[in-house]
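A.B. asks: My file is input28.csv. It has CSV, C-alpha atoms:
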chain,number,residue,atom,x,y,z
A,1,MET,CA,265.0,-49.0,34.1
A,2,ASP,CA,266.5,-45.6,33.5
A,3,SER,CA,270.3,-45.2,33.5
A,4,GLU,CA,270.4,-43.3,36.8
A,5,LYS,CA,268.6,-46.0,38.8
A,6,LEU,CA,270.8,-48.7,37.1
A,7,LYS,CA,273.9,-46.8,38.2
A,8,GLN,CA,272.6,-46.7,41.8
A,9,PHE,CA,272.2,-50.5,41.8
A,10,GLN,CA,275.7,-50.9,40.3
A,11,GLN,CA,277.1,-48.7,43.1
A,12,LEU,CA,275.4,-51.0,45.6
A,13,ASP,CA,277.1,-54.0,43.9
A,14,ALA,CA,280.5,-52.3,44.4
A,15,ALA,CA,280.0,-51.5,48.1
A,16,GLU,CA,282.0,-53.4,50.7
A,17,ILE,CA,281.3,-53.8,54.4
A,18,ARG,CA,284.5,-54.0,56.3
A,19,TRP,CA,285.4,-54.6,60.0
A,20,ARG,CA,287.6,-52.0,61.7
A,21,ASP,CA,290.7,-54.0,61.0
A,22,GLY,CA,290.0,-53.7,57.2
A,23,ARG,CA,288.8,-57.3,56.7
A,24,LEU,CA,286.0,-57.7,54.3
A,25,SER,CA,282.9,-58.7,56.3
A,26,ALA,CA,280.0,-58.6,53.9
A,27,ARG,CA,278.7,-57.5,50.5
A,28,LEU,CA,275.4,-56.2,49.3
A,29,VAL,CA,273.4,-58.6,47.2
A,30,PHE,CA,269.9,-59.4,45.8
A,31,LYS,CA,268.8,-62.0,48.4
A,32,LEU,CA,266.1,-64.6,48.5
A,33,VAL,CA,265.3,-66.3,51.9
A,34,LEU,CA,262.7,-69.0,52.3
A,35,PHE,CA,261.7,-70.6,55.7
A,36,PHE,CA,260.1,-74.0,55.3
A,37,GLU,CA,258.9,-77.1,57.2
A,38,GLY,CA,259.8,-80.8,56.7
A,39,GLY,CA,263.5,-80.3,56.6
A,40,GLY,CA,264.0,-83.5,58.5
A,41,THR,CA,262.2,-85.6,55.9
A,42,VAL,CA,263.3,-87.1,52.6
A,43,GLU,CA,260.4,-85.4,50.8
A,44,GLY,CA,261.2,-82.0,52.3
A,45,GLN,CA,264.9,-82.3,51.6
A,46,LEU,CA,264.3,-83.3,48.0
A,47,ARG,CA,262.1,-80.3,47.6
A,48,ALA,CA,264.8,-78.1,49.0
A,49,LEU,CA,267.4,-79.7,46.8
A,50,ASP,CA,265.2,-79.2,43.7
A,51,THR,CA,264.6,-75.5,44.6
A,52,LEU,CA,268.3,-74.7,45.3
A,53,ALA,CA,269.6,-76.6,42.3
A,54,SER,CA,267.2,-74.8,39.9
A,55,LEU,CA,268.1,-71.4,41.3
A,56,GLY,CA,271.8,-72.3,40.7
A,57,GLU,CA,271.4,-73.7,37.2
A,58,GLU,CA,270.1,-70.4,35.9
A,59,VAL,CA,273.2,-68.5,37.0
A,60,GLY,CA,275.6,-71.5,36.8
A,61,GLU,CA,278.2,-69.5,34.9
A,62,HIS,CA,278.8,-67.4,38.1
A,63,LEU,CA,279.2,-70.4,40.4
A,64,THR,CA,282.6,-72.0,41.1
A,65,HIS,CA,282.3,-74.4,44.1
A,66,MET,CA,279.7,-76.6,45.8
A,67,GLN,CA,279.0,-79.0,48.6
A,68,THR,CA,276.6,-81.8,47.9
A,69,ALA,CA,274.4,-83.8,50.4
A,70,GLY,CA,276.1,-86.7,52.1
A,71,THR,CA,277.9,-88.0,55.2
A,72,ASP,CA,281.3,-86.8,53.9
A,73,PRO,CA,280.7,-83.3,52.6
A,74,ARG,CA,283.5,-81.7,50.7
A,75,ILE,CA,283.9,-78.4,48.7
A,76,VAL,CA,284.5,-79.3,45.1
A,77,PRO,CA,284.2,-77.4,41.8
A,78,TYR,CA,280.6,-76.6,40.8
A,79,ASP,CA,278.9,-79.1,38.5
A,80,ALA,CA,275.1,-78.6,38.1
A,81,ALA,CA,274.3,-82.2,37.2
A,82,LEU,CA,276.5,-83.7,39.9
A,83,PHE,CA,275.1,-81.3,42.5
A,84,ARG,CA,271.5,-82.4,41.8
A,85,ASN,CA,272.0,-86.1,41.1
A,86,GLN,CA,274.6,-86.9,43.8
A,87,SER,CA,272.7,-84.9,46.5
A,88,GLY,CA,269.4,-86.6,45.5
A,89,ARG,CA,270.9,-90.1,45.6
A,90,ASN,CA,272.5,-89.5,49.0
A,91,ILE,CA,269.3,-88.1,50.5
A,92,ARG,CA,267.3,-91.1,49.4
A,93,THR,CA,269.9,-93.6,50.4
A,94,GLN,CA,270.2,-92.1,53.9
A,95,GLY,CA,266.5,-92.0,54.3
A,96,ALA,CA,266.0,-95.5,53.1
A,97,ALA,CA,268.6,-96.8,55.6
A,98,ASP,CA,266.7,-95.8,58.8
A,99,GLY,CA,263.9,-93.5,57.8
A,100,ASP,CA,265.8,-90.5,58.9
A,101,PRO,CA,267.8,-88.6,56.2
A,102,GLY,CA,269.7,-86.7,58.9
A,103,ASP,CA,270.6,-83.0,58.6
A,104,LEU,CA,270.9,-81.5,55.2
A,105,ASP,CA,273.7,-79.0,54.4
A,106,LEU,CA,273.9,-77.9,50.8
A,107,LEU,CA,276.1,-75.1,49.5
A,108,PHE,CA,277.4,-73.4,46.4
A,109,ASN,CA,279.3,-70.2,45.9
A,110,GLY,CA,280.9,-68.1,43.1
A,111,ALA,CA,284.1,-66.2,42.9
A,112,PRO,CA,286.0,-65.0,44.8
A,113,PHE,CA,285.2,-68.1,47.0
A,114,ALA,CA,288.2,-70.4,47.4
A,115,THR,CA,289.0,-73.3,49.6
A,116,PRO,CA,289.9,-73.6,52.4
A,117,ASN,CA,289.3,-70.0,53.4
A,118,GLY,CA,286.0,-69.3,51.8
A,119,GLY,CA,285.3,-65.7,50.9
A,120,VAL,CA,282.4,-63.2,50.6
A,121,THR,CA,280.7,-63.7,47.3
A,122,GLN,CA,277.6,-62.2,45.8
A,123,TRP,CA,276.7,-65.5,44.0
A,124,GLY,CA,275.6,-68.6,45.7
A,125,GLY,CA,273.1,-70.3,48.0
A,126,SER,CA,272.7,-72.8,50.8
A,127,VAL,CA,270.2,-75.0,52.5
A,128,LEU,CA,270.3,-75.8,56.2
A,129,ALA,CA,267.6,-78.3,56.9
A,130,SER,CA,266.7,-80.6,59.8
A,131,GLY,CA,263.8,-81.7,61.9
A,132,PRO,CA,263.0,-79.9,65.2
A,133,LEU,CA,266.0,-79.8,67.4
A,134,LEU,CA,263.9,-80.3,70.6
A,135,SER,CA,260.5,-81.8,71.2
A,136,VAL,CA,259.3,-78.2,72.0
A,137,SER,CA,260.9,-76.7,68.9
A,138,ALA,CA,259.1,-75.6,65.8
A,139,ASP,CA,259.9,-77.4,62.5
A,140,LEU,CA,261.8,-74.8,60.5
A,141,SER,CA,264.6,-74.9,58.0
A,142,VAL,CA,266.2,-72.2,55.8
A,143,LEU,CA,267.1,-71.9,52.1
A,144,GLU,CA,268.8,-68.8,50.8
A,145,PHE,CA,270.2,-67.7,47.5
A,146,SER,CA,271.9,-64.5,46.3
A,147,THR,CA,273.1,-62.8,43.1
A,148,ALA,CA,274.7,-59.6,42.2
A,149,ILE,CA,272.1,-56.8,42.5
A,150,SER,CA,272.5,-55.5,39.0
A,151,TRP,CA,272.3,-59.0,37.3
A,152,ASP,CA,268.6,-58.4,36.7
A,153,ALA,CA,268.3,-54.7,37.2
A,154,ARG,CA,268.1,-53.8,33.5
A,155,GLU,CA,265.0,-56.0,33.3
A,156,ASP,CA,263.3,-54.3,36.3
A,157,PHE,CA,264.1,-57.4,38.3
A,158,SER,CA,261.5,-59.4,36.4
A,159,ARG,CA,263.7,-62.6,36.4
A,160,GLN,CA,264.2,-62.3,40.1
A,161,ARG,CA,260.4,-62.0,40.7
A,162,GLN,CA,259.8,-65.1,38.5
A,163,ARG,CA,262.6,-67.0,40.3
A,164,VAL,CA,261.0,-66.3,43.7
A,165,LEU,CA,257.6,-67.4,42.5
A,166,SER,CA,259.1,-70.6,41.0
A,167,ALA,CA,261.1,-71.3,44.1
A,168,ALA,CA,258.1,-70.8,46.4
A,169,ALA,CA,255.9,-73.1,44.3
A,170,THR,CA,258.5,-75.8,44.5
A,171,LEU,CA,259.5,-75.5,48.2
A,172,ARG,CA,256.1,-74.5,49.6
A,173,PRO,CA,257.6,-72.4,52.4
A,174,LEU,CA,255.9,-70.9,55.4
A,175,HIS,CA,257.2,-67.5,54.6
A,176,GLY,CA,260.2,-65.6,53.1
A,177,LEU,CA,261.4,-62.5,51.4
A,178,ALA,CA,263.5,-61.3,48.5
A,179,GLY,CA,265.2,-58.0,47.8
A,180,LEU,CA,268.4,-56.1,48.8
A,181,GLY,CA,270.3,-57.8,51.5
A,182,VAL,CA,273.6,-58.4,53.3
A,183,GLN,CA,275.7,-61.5,52.4
A,184,PHE,CA,278.4,-62.8,54.8
A,185,ASP,CA,280.9,-65.6,54.1
A,186,ARG,CA,278.7,-68.7,54.0
A,187,MET,CA,281.4,-70.8,55.7
A,188,MET,CA,283.3,-68.6,58.0
A,189,ASP,CA,281.2,-65.6,59.1
A,190,SER,CA,281.8,-64.3,62.6
A,191,ALA,CA,280.2,-62.1,65.2
A,192,SER,CA,282.5,-59.2,64.2
A,193,ASP,CA,281.3,-59.6,60.6
A,194,HIS,CA,277.7,-59.3,61.8
A,195,ALA,CA,278.5,-56.3,63.9
A,196,ALA,CA,280.2,-54.6,61.0
A,197,SER,CA,276.9,-54.7,59.0
A,198,ILE,CA,274.7,-53.0,61.7
A,199,PRO,CA,275.4,-49.4,60.7
A,200,ILE,CA,274.3,-50.3,57.1
A,201,VAL,CA,271.1,-52.1,58.0
A,202,LYS,CA,270.1,-49.4,60.5
A,203,ARG,CA,270.6,-46.7,58.0
A,204,PHE,CA,269.1,-48.4,54.9
A,205,PRO,CA,265.8,-50.0,55.9
A,206,GLY,CA,265.3,-51.8,52.6
A,207,ILE,CA,268.5,-53.9,53.1
A,208,HIS,CA,267.7,-57.2,54.8
A,209,CYS,CA,270.0,-57.9,57.7
A,210,GLY,CA,270.8,-61.5,56.7
A,211,MET,CA,270.5,-63.0,60.2
A,212,ASP,CA,268.2,-65.7,59.1
A,213,THR,CA,269.5,-68.8,60.9
A,214,GLN,CA,269.5,-66.8,64.1
A,215,PHE,CA,265.9,-65.8,63.5
A,216,GLY,CA,265.1,-69.4,62.8
A,217,SER,CA,266.6,-70.5,66.1
A,218,GLU,CA,264.7,-67.8,68.1
A,219,ILE,CA,261.3,-68.4,66.6
A,220,GLY,CA,261.8,-72.1,66.7
A,221,LEU,CA,262.0,-72.0,70.5
A,222,ARG,CA,259.1,-69.5,71.0
A,223,ARG,CA,256.3,-71.0,68.9
A,224,PRO,CA,254.9,-74.5,68.3
A,225,ARG,CA,254.8,-73.6,64.6
A,226,ALA,CA,257.1,-71.0,63.0
A,227,ASP,CA,254.2,-69.3,61.3
A,228,ARG,CA,255.3,-65.7,61.8
A,229,TYR,CA,257.7,-63.9,59.4
A,230,PHE,CA,261.0,-62.2,60.1
A,231,SER,CA,260.6,-59.1,58.0
A,232,VAL,CA,259.1,-57.7,54.8
A,233,ASN,CA,261.1,-56.6,51.8
A,234,TRP,CA,260.6,-55.9,48.1
A,235,LEU,CA,259.0,-59.3,47.8
A,236,THR,CA,257.4,-60.9,50.8
A,237,VAL,CA,256.3,-64.6,50.6
A,238,LEU,CA,253.4,-65.9,52.7
A,239,CYS,CA,251.8,-69.3,52.6
A,240,ASP,CA,248.1,-69.8,52.4
A,241,ASP,CA,247.7,-70.6,56.1
A,242,MET,CA,249.3,-67.3,57.0
A,243,LEU,CA,247.3,-65.4,54.3
A,244,ALA,CA,244.1,-66.7,55.7
A,245,GLU,CA,244.9,-65.0,59.0
A,246,VAL,CA,244.7,-61.6,57.3
A,247,GLY,CA,241.7,-62.3,55.1
A,248,GLY,CA,243.4,-64.1,52.2
A,249,ALA,CA,245.3,-63.0,49.1
A,250,GLY,CA,242.3,-61.3,47.6
A,251,ALA,CA,241.7,-59.1,50.6
A,252,LEU,CA,245.4,-58.2,50.7
A,253,ALA,CA,245.4,-57.3,47.0
A,254,ALA,CA,242.4,-55.0,47.6
A,255,THR,CA,244.1,-53.4,50.6
A,256,LEU,CA,247.4,-52.8,48.8
A,257,GLY,CA,246.0,-51.7,45.5
A,258,PRO,CA,247.3,-52.2,41.9
A,259,ASP,CA,250.7,-50.5,42.5
A,260,LEU,CA,251.6,-53.2,45.0
A,261,PRO,CA,250.6,-56.4,43.2
A,262,VAL,CA,250.0,-59.8,44.9
A,263,HIS,CA,251.3,-62.6,42.8
A,264,ARG,CA,249.7,-66.0,43.5
A,265,TYR,CA,251.4,-69.4,43.3
A,266,ASP,CA,250.2,-72.8,44.3
A,267,GLY,CA,250.5,-72.7,48.1
A,268,GLY,CA,250.7,-69.0,48.8
A,269,ALA,CA,251.4,-65.5,47.4
A,270,VAL,CA,254.2,-63.1,46.9
A,271,LEU,CA,253.6,-59.4,47.8
A,272,GLN,CA,255.5,-56.9,45.7
A,273,ALA,CA,256.4,-53.6,47.3
A,274,GLY,CA,256.7,-51.3,44.3
A,275,PRO,CA,258.3,-51.7,40.8
A,276,TYR,CA,261.8,-52.4,42.0
A,277,PRO,CA,263.8,-52.9,45.3
A,278,GLN,CA,264.6,-49.7,47.3
A,279,PRO,CA,267.3,-49.3,50.0
A,280,GLY,CA,265.8,-46.2,51.5
A,281,ASP,CA,267.9,-44.0,53.8
A,282,VAL,CA,267.0,-43.1,57.3
A,283,ASN,CA,269.5,-40.3,57.3
A,284,ARG,CA,267.6,-38.6,54.5
A,285,GLY,CA,264.2,-39.4,55.9
A,286,LEU,CA,263.6,-42.0,53.1
A,287,ILE,CA,261.6,-45.0,54.3
A,288,PRO,CA,260.0,-46.6,51.3
A,289,ALA,CA,256.2,-46.0,51.4
A,290,GLU,CA,255.6,-49.3,49.5
A,291,TYR,CA,257.4,-51.3,52.2
A,292,ARG,CA,255.5,-49.5,54.9
A,293,ALA,CA,252.2,-50.4,53.2
A,294,VAL,CA,253.1,-54.1,53.0
A,295,SER,CA,254.3,-54.1,56.6
A,296,ALA,CA,251.1,-52.5,57.8
A,297,ALA,CA,248.9,-54.9,55.9
A,298,THR,CA,250.7,-58.0,57.3
A,299,ARG,CA,251.8,-56.8,60.7
A,300,ALA,CA,249.7,-59.3,62.5
A,301,LEU,CA,251.9,-62.0,60.9
A,302,ARG,CA,255.2,-60.6,62.2
A,303,PHE,CA,257.2,-62.5,64.9
A,304,GLU,CA,257.7,-60.3,67.9
A,305,GLU,CA,258.2,-62.9,70.7
A,306,TYR,CA,261.9,-62.4,71.0
A,307,LYS,CA,263.7,-63.3,74.3
A,308,LEU,CA,267.1,-62.9,72.7
A,309,GLY,CA,268.1,-60.4,70.0
A,310,VAL,CA,269.3,-61.8,66.7
A,311,LEU,CA,271.3,-58.7,65.6
A,312,THR,CA,274.9,-58.7,66.8
A,313,VAL,CA,275.7,-55.3,68.3
A,314,GLU,CA,278.5,-53.9,70.4
A,315,PRO,CA,278.0,-52.1,73.8
A,316,PRO,CA,276.4,-49.8,74.6
A,317,LEU,CA,273.8,-51.1,72.1
A,318,ASP,CA,271.5,-53.9,73.3
A,319,GLY,CA,270.9,-56.7,70.9
A,320,LEU,CA,267.2,-57.3,71.9
A,321,ASP,CA,266.3,-53.6,71.7
A,322,GLU,CA,268.1,-53.2,68.3
A,323,THR,CA,266.3,-56.4,67.0
A,324,LEU,CA,262.9,-55.1,68.0
A,325,ALA,CA,263.6,-51.7,66.5
A,326,TRP,CA,264.8,-53.2,63.3
A,327,ILE,CA,261.8,-55.4,62.7
A,328,ARG,CA,259.5,-52.4,63.4
A,329,ARG,CA,261.4,-50.0,61.1
A,330,PHE,CA,258.5,-49.7,58.7
A,331,ASP,CA,255.9,-49.1,61.3
Turn this file's structure into structure tokens for me.
C.D. replies:
Amino acid sequence: MDSEKLKQFQQLDAAEIRWRDGRLSARLVFKLVLFFEGGGTVEGQLRALDTLASLGEEVGEHLTHMQTAGTDPRIVPYDAALFRNQSGRNIRTQGAADGDPGDLDLLFNGAPFATPNGGVTQWGGSVLASGPLLSVSADLSVLEFSTAISWDAREDFSRQRQRVLSAAATLRPLHGLAGLGVQFDRMMDSASDHAASIPIVKRFPGIHCGMDTQFGSEIGLRRPRADRYFSVNWLTVLCDDMLAEVGGAGALAATLGPDLPVHRYDGGAVLQAGPYPQPGDVNRGLIPAEYRAVSAATRALRFEEYKLGVLTVEPPLDGLDETLAWIRRFD
């Protein structure tokens, strides 16, 4: 990567999103989000644990705190072996007791995270996993992980691409994405924090909005299976079932061409929208053509059945209108 592009990514790392009272609301990060089934089962929770633990171990020097699985979750100093082993033991023990492991809430964070007040950090991840909340709800849980953007920029984000492929092969998600995104405080985010980020995500279409649990709740209530994606990004993850609806990975690769590679893994594929992530800039008429191409090729797989908006906006903006406009920003 040339020095000018690297400088741009470092500037994004330094950016801060603040609420009108000056409080830090969010940071920009490199974000991975995977939506998966089986979060209410022992097997599904162990896959999620393995996926998150492996993502953390590679950047462990940047992590400071964690919350393991268990009935008495506490924030303690990060320890990779303890995170993996204690969480696995607790998931198995709870599942063996009554066949239901309960909900899974895993977490780790890096500086400047501190207890009890949390903090907005670029480094960390979480899993929120459970079975369907209602008999009519889809089975959907969420894993997310973030790093500083420039961590892998010098290598043209090759490590990030490999991490996404490895995570997808382990977790076997329905769908997901990775690229530039917004990161809120994982423990204490608020509606005002979400609202503060709206001008950023509206201006820069390549920056993912980060409203993933809200999306999960909405699609979970609208479809018997949550087999429609939230959005595309630099990397877009699709399972084999969803790929089959658009002709399969081979057909997508032929449509997208060699500059937009389709990377296969056991269970699905990752679509790459160009050589590196791009924020774009609506104010300058810059909507990345690569992202448009991936969006066009997969549009039939996009969730559009919203009854409630997932973007938090202030009047006179309407949350549903803004949500629909955002998901269609590459059309």
A.B. asks: Just checking: using only C-alpha atoms, which residue out of A:His194, A:His62, A:Arg161, A:Lys307 ends up closest to A:Gln272?
C.D. replies: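 Nearest to A:Gln272: A:Arg161.
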A.B. asks: Excluding A:Glu4 and its own-chain neighbours fewer than 6 positions away, which residues fall within 12 Å of it when counting all atoms listed in the file? Please give them as a PyMOL selection string.
C.D. replies: chain A and resi 10-11+153-154
A.B. asks: Using only C-alpha atoms, which residues sit within 12 Å of A:Ala273 once same-chain residues fewer than 6 positions away are excluded, as a compact mmCIF listing (two decimals) with C-alpha atoms, keeping the file's coordinate frame?
C.D. replies:
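After the write, out-v5.txt holds the following:
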# COMPACT_ATOMS: atom_id res chain seq x y z
CA ARG A 161 260.40 -62.00 40.70
CA LEU A 177 261.40 -62.50 51.40
CA ALA A 178 263.50 -61.30 48.50
CA GLY A 179 265.20 -58.00 47.80
CA GLY A 206 265.30 -51.80 52.60
CA VAL A 232 259.10 -57.70 54.80
CA ASN A 233 261.10 -56.60 51.80
CA TRP A 234 260.60 -55.90 48.10
CA LEU A 235 259.00 -59.30 47.80
CA THR A 236 257.40 -60.90 50.80
CA VAL A 237 256.30 -64.60 50.60
CA ALA A 253 245.40 -57.30 47.00
CA LEU A 256 247.40 -52.80 48.80
CA GLY A 257 246.00 -51.70 45.50
CA PRO A 258 247.30 -52.20 41.90
CA ASP A 259 250.70 -50.50 42.50
CA LEU A 260 251.60 -53.20 45.00
CA PRO A 261 250.60 -56.40 43.20
CA VAL A 262 250.00 -59.80 44.90
CA HIS A 263 251.30 -62.60 42.80
CA PRO A 288 260.00 -46.60 51.30
CA ALA A 289 256.20 -46.00 51.40
CA GLU A 290 255.60 -49.30 49.50
CA TYR A 291 257.40 -51.30 52.20
CA ARG A 292 255.50 -49.50 54.90
CA ALA A 293 252.20 -50.40 53.20
CA VAL A 294 253.10 -54.10 53.00
CA SER A 295 254.30 -54.10 56.60
CA ALA A 296 251.10 -52.50 57.80
CA ALA A 297 248.90 -54.90 55.90
A.B. asks: Find, counting all atoms listed in the file, the residue in A:Ala53, A:Ala97, A:Leu133, A:Val313 that gets nearest to A:Gly40.
C.D. replies: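 Once distances to A:Gly40 are computed over all atoms listed in the file, the minimum belongs to A:Leu133.
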A.B. asks: From the list A:Ile75, A:Pro132, A:Glu58, A:Trp326, which residue is nearest A:Asn117 when using only C-alpha atoms?
C.D. replies: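 Between A:Ile75, A:Pro132, A:Glu58, A:Trp326, the residue approaching A:Asn117 most closely is A:Ile75.
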A.B. asks: Would you please work out which residue, of A:Phe330, A:Phe204, A:Phe230, A:Phe215, is nearest to A:Asp281 when using only C-alpha atoms?
C.D. replies: A:Phe204
A.B. asks: Can you measure atom CA of A:Asp2 to atom CA of A:Arg264 for me? One decimal in Å is fine.
C.D. replies: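 So the two atoms, atom CA of A:Asp2 and atom CA of A:Arg264, lie 28.3 Å apart.
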A.B. asks: Quick one, how far is atom CA of A:Gln45 from atom CA of A:Ile91?
C.D. replies: 7.4 Å
A.B. asks: Excluding A:Gly95 and its own-chain neighbours fewer than 4 positions away, which residues fall within 12 Å of it when counting all atoms listed in the file? Please give them as a compact mmCIF listing (two decimals) with C-alpha atoms, in the coordinates of the input.
C.D. replies:
# COMPACT_ATOMS: atom_id res chain seq x y z
CA GLY A 40 264.00 -83.50 58.50
CA THR A 41 262.20 -85.60 55.90
CA VAL A 42 263.30 -87.10 52.60
CA GLU A 43 260.40 -85.40 50.80
CA GLY A 44 261.20 -82.00 52.30
CA GLN A 45 264.90 -82.30 51.60
CA LEU A 46 264.30 -83.30 48.00
CA GLY A 70 276.10 -86.70 52.10
CA GLY A 88 269.40 -86.60 45.50
CA ARG A 89 270.90 -90.10 45.60
CA ASN A 90 272.50 -89.50 49.00
CA ILE A 91 269.30 -88.10 50.50
CA GLY A 99 263.90 -93.50 57.80
CA ASP A 100 265.80 -90.50 58.90
CA PRO A 101 267.80 -88.60 56.20
CA GLY A 102 269.70 -86.70 58.90
CA ASP A 103 270.60 -83.00 58.60
CA LEU A 104 270.90 -81.50 55.20
A.B. asks: So how many Å separate atom CA of A:Pro116 and atom CA of A:Leu180, to one decimal?
C.D. replies: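 That distance, rounded to one decimal, is 28.0 Å.
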A.B. asks: Could you tell me which of A:Arg228, A:Arg284, A:His175, A:Arg84 comes closest to A:Leu271 if we count only C-alpha atoms?
C.D. replies: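 Among the listed residues, A:His175 lies closest to A:Leu271.
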A.B. asks: Which residue, A:Ser150, A:Glu61, A:Glu305, A:Asn283, has the smallest gap to A:Ser3 when you use only C-alpha atoms?
C.D. replies: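 The answer is A:Ser150, which sits nearest to A:Ser3.
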A.B. asks: Anything within 12 Å of (245.5, -64.6, 59.0): list those residues as JSON, numbers by chain, counting all atoms listed in the file and sticking to the file's coordinates.
C.D. replies: {"A": [227, 228, 238, 239, 240, 241, 242, 243, 244, 245, 246, 247, 248, 249, 251, 252, 297, 298, 299, 300, 301, 302]}
A.B. asks: Can you pull out the residues contacting A:Asp185? Cut-off 7 Å, using all atoms listed in the file, and skip same-chain residues under 3 positions away; I want them as a list in words.
C.D. replies: Gly118, Gly119, Val120, Met188 and Asp189 of chain A
A.B. asks: Contacts of A:Gly210 at 12 Å or less, counting only C-alpha atoms, minus same-chain residues fewer than 4 places along, as an MDAnalysis selection string?
C.D. replies: chainID A and resid 26:34 142:146 176:186 189 193:195 197:198 200:201 206 214:216 230:231 233 310:312
A.B. asks: Keeping C-alpha atoms, export the residues of the selection given above as a PDB file, in the frame of the given file.
C.D. replies:
ATOM      1  CA  ALA A  26     280.000 -58.600  53.900  1.00  0.00           C
ATOM      2  CA  ARG A  27     278.700 -57.500  50.500  1.00  0.00           C
ATOM      3  CA  LEU A  28     275.400 -56.200  49.300  1.00  0.00           C
ATOM      4  CA  VAL A  29     273.400 -58.600  47.200  1.00  0.00           C
ATOM      5  CA  PHE A  30     269.900 -59.400  45.800  1.00  0.00           C
ATOM      6  CA  LYS A  31     268.800 -62.000  48.400  1.00  0.00           C
ATOM      7  CA  LEU A  32     266.100 -64.600  48.500  1.00  0.00           C
ATOM      8  CA  VAL A  33     265.300 -66.300  51.900  1.00  0.00           C
ATOM      9  CA  LEU A  34     262.700 -69.000  52.300  1.00  0.00           C
ATOM     10  CA  VAL A 142     266.200 -72.200  55.800  1.00  0.00           C
ATOM     11  CA  LEU A 143     267.100 -71.900  52.100  1.00  0.00           C
ATOM     12  CA  GLU A 144     268.800 -68.800  50.800  1.00  0.00           C
ATOM     13  CA  PHE A 145     270.200 -67.700  47.500  1.00  0.00           C
ATOM     14  CA  SER A 146     271.900 -64.500  46.300  1.00  0.00           C
ATOM     15  CA  GLY A 176     260.200 -65.600  53.100  1.00  0.00           C
ATOM     16  CA  LEU A 177     261.400 -62.500  51.400  1.00  0.00           C
ATOM     17  CA  ALA A 178     263.500 -61.300  48.500  1.00  0.00           C
ATOM     18  CA  GLY A 179     265.200 -58.000  47.800  1.00  0.00           C
ATOM     19  CA  LEU A 180     268.400 -56.100  48.800  1.00  0.00           C
ATOM     20  CA  GLY A 181     270.300 -57.800  51.500  1.00  0.00           C
ATOM     21  CA  VAL A 182     273.600 -58.400  53.300  1.00  0.00           C
ATOM     22  CA  GLN A 183     275.700 -61.500  52.400  1.00  0.00           C
ATOM     23  CA  PHE A 184     278.400 -62.800  54.800  1.00  0.00           C
ATOM     24  CA  ASP A 185     280.900 -65.600  54.100  1.00  0.00           C
ATOM     25  CA  ARG A 186     278.700 -68.700  54.000  1.00  0.00           C
ATOM     26  CA  ASP A 189     281.200 -65.600  59.100  1.00  0.00           C
ATOM     27  CA  ASP A 193     281.300 -59.600  60.600  1.00  0.00           C
ATOM     28  CA  HIS A 194     277.700 -59.300  61.800  1.00  0.00           C
ATOM     29  CA  ALA A 195     278.500 -56.300  63.900  1.00  0.00           C
ATOM     30  CA  SER A 197     276.900 -54.700  59.000  1.00  0.00           C
ATOM     31  CA  ILE A 198     274.700 -53.000  61.700  1.00  0.00           C
ATOM     32  CA  ILE A 200     274.300 -50.300  57.100  1.00  0.00           C
ATOM     33  CA  VAL A 201     271.100 -52.100  58.000  1.00  0.00           C
ATOM     34  CA  GLY A 206     265.300 -51.800  52.600  1.00  0.00           C
ATOM     35  CA  GLN A 214     269.500 -66.800  64.100  1.00  0.00           C
ATOM     36  CA  PHE A 215     265.900 -65.800  63.500  1.00  0.00           C
ATOM     37  CA  GLY A 216     265.100 -69.400  62.800  1.00  0.00           C
ATOM     38  CA  PHE A 230     261.000 -62.200  60.100  1.00  0.00           C
ATOM     39  CA  SER A 231     260.600 -59.100  58.000  1.00  0.00           C
ATOM     40  CA  ASN A 233     261.100 -56.600  51.800  1.00  0.00           C
ATOM     41  CA  VAL A 310     269.300 -61.800  66.700  1.00  0.00           C
ATOM     42  CA  LEU A 311     271.300 -58.700  65.600  1.00  0.00           C
ATOM     43  CA  THR A 312     274.900 -58.700  66.800  1.00  0.00           C
TER      44      THR A 312
END
